[in-house]
Amino acid sequence: EFEGPLYDSWPPITHQQIFIPSEHKDDPPKYAKEIIQQFASRAFRRPATGKELQRLEQTWKAFYDVDQNFRQSIKETLVVILTSPPFLFIVEQSNGPQPEDLNAMELASKLSFFLWNGPPDDQLIQLAQAGKLEQHLTAEVDRMVQDPRFRNFANTFTEQWLSIDKFDVVETNRKRYPSLTTTVKRQLRQEPARFVEHLFRKNLPAKNLVQSNFVVVNEIVANYYGLGEQTESGFEFNPISHQQAHLGGILSQAAVLAGLSDGKEANPVKRGAWFARKIIAEPPAAPPPNVPELKDDSKLNLRERLQQHRSVKGCAKCHEGIDPWGLPFEQYDAGGLFMNDRIDAASRLPDGHEVKNLNDLRTHLVKDRMDSIAYSVARHLSIYAIGRKLTYNEDRILKQQCLELKSQDYRMLEIIQHVVASDLFLKK
């Protein structure tokens with residue numbers, strides 16, 4: 001018996017997209033020109049210029065003249081296209097150092113690599129070629145967020161924003177956390193991206209990032225949280241109501257919290273610094289050189305060791321903006337699971353507010369700090385979209401403009417729309 005691979009048509013669609021239908025199939029030079037023109041324009045994400053096509057046709061002819069093998073000569077020419085700068089780099093031509101508007105094809109390419117991590121589709125290209133993309137920008141962003149390719153964005157952006165790679169490298173103590181197996185870790189790692197993807201697709205308020213009455217899980221992740229009876233989705237991630245005060249939002253997700261530990265116990269310093277940088281965009285100052293490590297004194301609890309560390313000259317100022325944010329996370333172990341309410345997780349925050357635990361912190365954030373959280377989301381989205389850090393002026397303007405979304409509860413898709421419509425994105 002022979003089985004697969006199976007194709008809906010033969011030659012397969014991938015072959016047909018290169019060796020396109022044409023009335024010139026029996027005329028190699030003309031057919032090669034058609035193939036090269038279409039493929040190069042798709043690869044370069046803009047119409048190929050006359051000079052580019054001329055060079056590529058000469059390249060094809062040189063390969064074809066060797067042994068008259070049409071298919072092989074086309075393959076060799078495509079290799080040249082796929083190793084050329086217009087394919088490998090997103091090129092934005094400028095006439096000078098001053099900001100300029102993106103042209104239509106540049107905008108289509110920038111938008112598709114932002115939201116799909118890939119080239120623009122036919123609809124984007126057609127709108128750009130017709131000069132109508134900018135006037136249909138809102139509708140196109142809506143369409144692209146609902147497209148399956150948006151998952152590429154969710155995976156990459158969430159990993160970079162929330163530093164999920166830390167979860168990959170931390171070596172969790174297997175004796176203390178036997179349920180955190182390789183298979184479970186693989187599924188837990190996907191949870192933040194699936195959660196953020198759900199918020200964007202459904203255009204939910206940004207407050208769900210810190211306080212939500214649902215989690216987005218599959219069966220394996222649900223079992224890890226003790227919610228196994230509430231879903232039968234297999235490996236598919238779906239939103240379910242958790243009805244647990246300690247769950248909901250990204251602040252209690254196991255991949256985040258376990259990644260911000262040493263594999264044995266929770267680390268409020270790592271969690272506090274991560275929170276300040278990623279969630280409220282108030283990064284702590286860089287530590288001075290030669291800062292000593294936190295002493296491993298088993299006679300002292302972690303809170304006492306932190307106090308001892310802060311007494312070292314030069315350490316106190318940095319930790320004033322870190323530790324108070326990290327202490328409310330003390331109820332969650334190095335495996336990212338909630339332990340109990342008896343653990344001392346009280347903290348006086350850098351903004352002067354006092355909280356008893358992470359739930360208190362969440363309530364405070366939703367009530368008093370949503371402006372900071374929404375700005376942080378917009379800031380990280382902007383950096384991801386344009387591929388560079390923001391200047392001081394750009395950062396201040398973005399922070400002020402974000403307040404325009406407050407009346408709509410800082411809805412997540414609208415934050416993307418705001419970034420795309422900004423000069424940061426539309427100019428080069």
# chains A, B, ... in the order shown; residues from 1 in each chain; ligands from 1

$ residues_around --residues "Lys132 in chain A" --least-positions-apart "5" --cutoff "12 Å" --atoms "only C-alpha atoms" --output "list in words"
Asn103, Ala104, Met105, Leu107, Ala108, Gln123, Leu124, Ile125, Gln126, Leu127, Leu137, Thr138, Ala139 and Glu140 of chain A

$ residues_around --residues "range 172-189 of chain A" --least-positions-apart "6" --cutoff "9 Å" --atoms "only C-alpha atoms" --output "list of chain:residue names"
A:Ile164, A:Asp165, A:Val217, A:Asn218, A:Ile220, A:Val221, A:Tyr224, A:Phe235, A:Gln253, A:Ala254, A:Ala255, A:Val256, A:Ala258, A:Ser261, A:Asp262, A:Gly263, A:Lys264, A:Ala334, A:Gly335

$ write_last_selection --atoms "N, CA and C atoms" --output "mmCIF file, in the first residue's frame"
data_model
loop_
_atom_site.group_PDB
_atom_site.id
_atom_site.type_symbol
_atom_site.label_atom_id
_atom_site.label_comp_id
_atom_site.auth_asym_id
_atom_site.auth_seq_id
_atom_site.Cartn_x
_atom_site.Cartn_y
_atom_site.Cartn_z
ATOM 1 N N ILE A 164 8.378 35.906 27.027
ATOM 2 C CA ILE A 164 8.028 34.503 27.263
ATOM 3 C C ILE A 164 9.240 33.588 27.081
ATOM 4 N N ASP A 165 10.265 34.075 26.394
ATOM 5 C CA ASP A 165 11.463 33.252 26.207
ATOM 6 C C ASP A 165 12.115 32.892 27.536
ATOM 7 N N VAL A 217 -7.689 28.595 27.395
ATOM 8 C CA VAL A 217 -6.905 27.392 27.699
ATOM 9 C C VAL A 217 -7.341 26.218 26.830
ATOM 10 N N ASN A 218 -6.481 25.214 26.755
ATOM 11 C CA ASN A 218 -6.876 23.916 26.225
ATOM 12 C C ASN A 218 -6.954 22.933 27.399
ATOM 13 N N ILE A 220 -4.949 20.597 28.504
ATOM 14 C CA ILE A 220 -3.733 20.418 29.292
ATOM 15 C C ILE A 220 -3.518 21.608 30.226
ATOM 16 N N VAL A 221 -3.690 22.822 29.693
ATOM 17 C CA VAL A 221 -3.521 24.018 30.523
ATOM 18 C C VAL A 221 -4.616 24.091 31.583
ATOM 19 N N TYR A 224 -3.788 21.885 34.433
ATOM 20 C CA TYR A 224 -2.710 22.439 35.256
ATOM 21 C C TYR A 224 -3.258 23.443 36.260
ATOM 22 N N PHE A 235 -6.384 19.959 22.253
ATOM 23 C CA PHE A 235 -5.273 20.899 22.162
ATOM 24 C C PHE A 235 -5.726 22.294 21.747
ATOM 25 N N GLN A 253 -0.640 34.108 34.753
ATOM 26 C CA GLN A 253 -0.389 33.004 33.830
ATOM 27 C C GLN A 253 0.921 32.294 34.178
ATOM 28 N N ALA A 254 0.869 30.983 34.158
ATOM 29 C CA ALA A 254 1.996 30.179 34.630
ATOM 30 C C ALA A 254 3.260 30.399 33.816
ATOM 31 N N ALA A 255 3.139 30.540 32.495
ATOM 32 C CA ALA A 255 4.332 30.724 31.662
ATOM 33 C C ALA A 255 5.054 32.009 32.029
ATOM 34 N N VAL A 256 4.307 33.048 32.346
ATOM 35 C CA VAL A 256 4.900 34.323 32.740
ATOM 36 C C VAL A 256 5.572 34.201 34.103
ATOM 37 N N ALA A 258 6.333 31.482 36.025
ATOM 38 C CA ALA A 258 7.399 30.484 36.149
ATOM 39 C C ALA A 258 8.674 30.971 35.477
ATOM 40 N N SER A 261 11.143 33.226 37.704
ATOM 41 C CA SER A 261 11.565 32.568 38.948
ATOM 42 C C SER A 261 12.941 31.971 38.711
ATOM 43 N N ASP A 262 13.483 31.349 39.752
ATOM 44 C CA ASP A 262 14.769 30.665 39.574
ATOM 45 C C ASP A 262 14.584 29.162 39.426
ATOM 46 N N GLY A 263 13.330 28.742 39.271
ATOM 47 C CA GLY A 263 13.036 27.321 39.119
ATOM 48 C C GLY A 263 12.762 26.619 40.432
ATOM 49 N N LYS A 264 13.096 27.269 41.531
ATOM 50 C CA LYS A 264 12.863 26.675 42.860
ATOM 51 C C LYS A 264 11.846 27.477 43.655
ATOM 52 N N ALA A 334 7.069 28.991 42.023
ATOM 53 C CA ALA A 334 7.955 29.012 40.865
ATOM 54 C C ALA A 334 7.388 28.233 39.685
ATOM 55 N N GLY A 335 6.325 27.468 39.919
ATOM 56 C CA GLY A 335 5.632 26.800 38.825
ATOM 57 C C GLY A 335 4.501 27.639 38.269
#

$ atom_distance --atom1 "CA of Phe153 in chain A" --atom2 "CA of Leu251 in chain A"
20.8 Å

$ select_by_dssp --residues "range 39-275 of chain A" --states "strand (DSSP E or B)" --output "PyMOL selection string"
chain A and resi 101+205+214-217+238-241+261+266

$ residues_around --residues "range 39-48 of chain A" --least-positions-apart "5" --cutoff "9 Å" --atoms "only C-alpha atoms" --output "ChimeraX atom specification"
/A:17-18,34,53,56,78,81-82,85-90,105-106,108-109,119-120,125,129

$ write_last_selection --atoms "N, CA and C atoms" --output "mmCIF file, in the first residue's frame"
data_model
loop_
_atom_site.group_PDB
_atom_site.id
_atom_site.type_symbol
_atom_site.label_atom_id
_atom_site.label_comp_id
_atom_site.auth_asym_id
_atom_site.auth_seq_id
_atom_site.Cartn_x
_atom_site.Cartn_y
_atom_site.Cartn_z
ATOM 1 N N GLN A 17 1.208 28.307 -8.904
ATOM 2 C CA GLN A 17 1.431 29.716 -8.604
ATOM 3 C C GLN A 17 2.743 30.229 -9.188
ATOM 4 N N ILE A 18 3.648 29.324 -9.519
ATOM 5 C CA ILE A 18 4.904 29.713 -10.166
ATOM 6 C C ILE A 18 4.793 29.538 -11.676
ATOM 7 N N GLU A 34 7.003 36.141 -18.366
ATOM 8 C CA GLU A 34 5.764 36.246 -17.600
ATOM 9 C C GLU A 34 5.941 35.701 -16.179
ATOM 10 N N LEU A 53 13.765 43.495 -14.126
ATOM 11 C CA LEU A 53 13.270 42.426 -14.996
ATOM 12 C C LEU A 53 14.274 42.109 -16.095
ATOM 13 N N LEU A 56 17.027 39.976 -14.596
ATOM 14 C CA LEU A 56 16.550 38.630 -14.276
ATOM 15 C C LEU A 56 16.319 37.807 -15.538
ATOM 16 N N LEU A 78 14.686 31.919 -9.806
ATOM 17 C CA LEU A 78 13.929 32.214 -8.593
ATOM 18 C C LEU A 78 14.842 32.275 -7.373
ATOM 19 N N ILE A 81 16.191 35.689 -7.249
ATOM 20 C CA ILE A 81 15.185 36.619 -6.733
ATOM 21 C C ILE A 81 15.099 36.527 -5.209
ATOM 22 N N LEU A 82 15.094 35.295 -4.697
ATOM 23 C CA LEU A 82 14.900 35.077 -3.260
ATOM 24 C C LEU A 82 16.149 35.351 -2.427
ATOM 25 N N PRO A 85 18.307 41.756 -2.274
ATOM 26 C CA PRO A 85 17.907 42.686 -1.199
ATOM 27 C C PRO A 85 16.430 43.078 -1.203
ATOM 28 N N PRO A 86 15.794 43.325 -2.360
ATOM 29 C CA PRO A 86 14.373 43.714 -2.304
ATOM 30 C C PRO A 86 13.469 42.656 -1.680
ATOM 31 N N PHE A 87 13.894 41.375 -1.729
ATOM 32 C CA PHE A 87 13.111 40.328 -1.073
ATOM 33 C C PHE A 87 13.488 40.196 0.397
ATOM 34 N N LEU A 88 14.767 40.256 0.684
ATOM 35 C CA LEU A 88 15.242 39.997 2.048
ATOM 36 C C LEU A 88 15.003 41.164 2.995
ATOM 37 N N PHE A 89 14.867 42.369 2.474
ATOM 38 C CA PHE A 89 14.704 43.553 3.310
ATOM 39 C C PHE A 89 13.425 44.298 2.941
ATOM 40 N N ILE A 90 12.810 44.930 3.951
ATOM 41 C CA ILE A 90 11.675 45.814 3.699
ATOM 42 C C ILE A 90 12.251 47.191 3.406
ATOM 43 N N MET A 105 2.474 51.001 -1.873
ATOM 44 C CA MET A 105 3.006 49.645 -1.801
ATOM 45 C C MET A 105 3.836 49.450 -0.541
ATOM 46 N N GLU A 106 4.556 50.473 -0.122
ATOM 47 C CA GLU A 106 5.309 50.380 1.131
ATOM 48 C C GLU A 106 4.370 50.215 2.320
ATOM 49 N N ALA A 108 1.338 48.852 2.245
ATOM 50 C CA ALA A 108 0.780 47.500 2.205
ATOM 51 C C ALA A 108 1.753 46.489 2.792
ATOM 52 N N SER A 109 3.019 46.637 2.436
ATOM 53 C CA SER A 109 4.042 45.717 2.936
ATOM 54 C C SER A 109 4.253 45.882 4.438
ATOM 55 N N PRO A 119 4.131 38.640 3.678
ATOM 56 C CA PRO A 119 3.869 39.601 2.604
ATOM 57 C C PRO A 119 2.387 39.904 2.443
ATOM 58 N N PRO A 120 2.063 41.019 1.784
ATOM 59 C CA PRO A 120 0.659 41.384 1.565
ATOM 60 C C PRO A 120 -0.036 40.416 0.624
ATOM 61 N N ILE A 125 -2.588 44.388 -2.114
ATOM 62 C CA ILE A 125 -1.837 44.873 -3.276
ATOM 63 C C ILE A 125 -2.756 45.609 -4.231
ATOM 64 N N GLN A 129 -2.317 49.422 -5.352
ATOM 65 C CA GLN A 129 -2.118 49.800 -6.747
ATOM 66 C C GLN A 129 -3.192 50.761 -7.236
#

$ atom_distance --atom1 "CA of Glu52 in chain A" --atom2 "CA of Ser73 in chain A"
17.2 Å

$ closest_residue --among "A:Gln68, A:Ser407, A:Ser112, A:Gln244" --to "Asp371 in chain A" --atoms "only C-alpha atoms"
A:Ser407

$ closest_residue --among "A:Val210, A:Ile240, A:Val141, A:Leu424" --to "Asp360 in chain A" --atoms "only C-alpha atoms"
A:Val210

$ closest_residue --among "A:Asn357, A:Asn155, A:Asn117, A:Ser382" --to "Leu426 in chain A" --atoms "only C-alpha atoms"
A:Ser382

$ atom_distance --atom1 "CA of Leu390 in chain A" --atom2 "CA of Glu414 in chain A"
20.3 Å

$ residues_around --residues "Ser376 in chain A" --least-positions-apart "6" --cutoff "7 Å" --atoms "only C-alpha atoms" --output "JSON, numbers by chain"
{"A": [278, 279, 280, 281]}

$ residues_around --residues "Met339 in chain A" --least-positions-apart "2" --cutoff "12 Å" --atoms "only C-alpha atoms" --output "list in words"
Tyr225, His246, Leu247, Ser252, Glu265, Ala266, Phe329, Glu330, Gln331, Tyr332, Asp333, Ala334, Gly335, Gly336, Leu337, Asp341, Arg342, Ile343, Asp344 and Ala345 of chain A
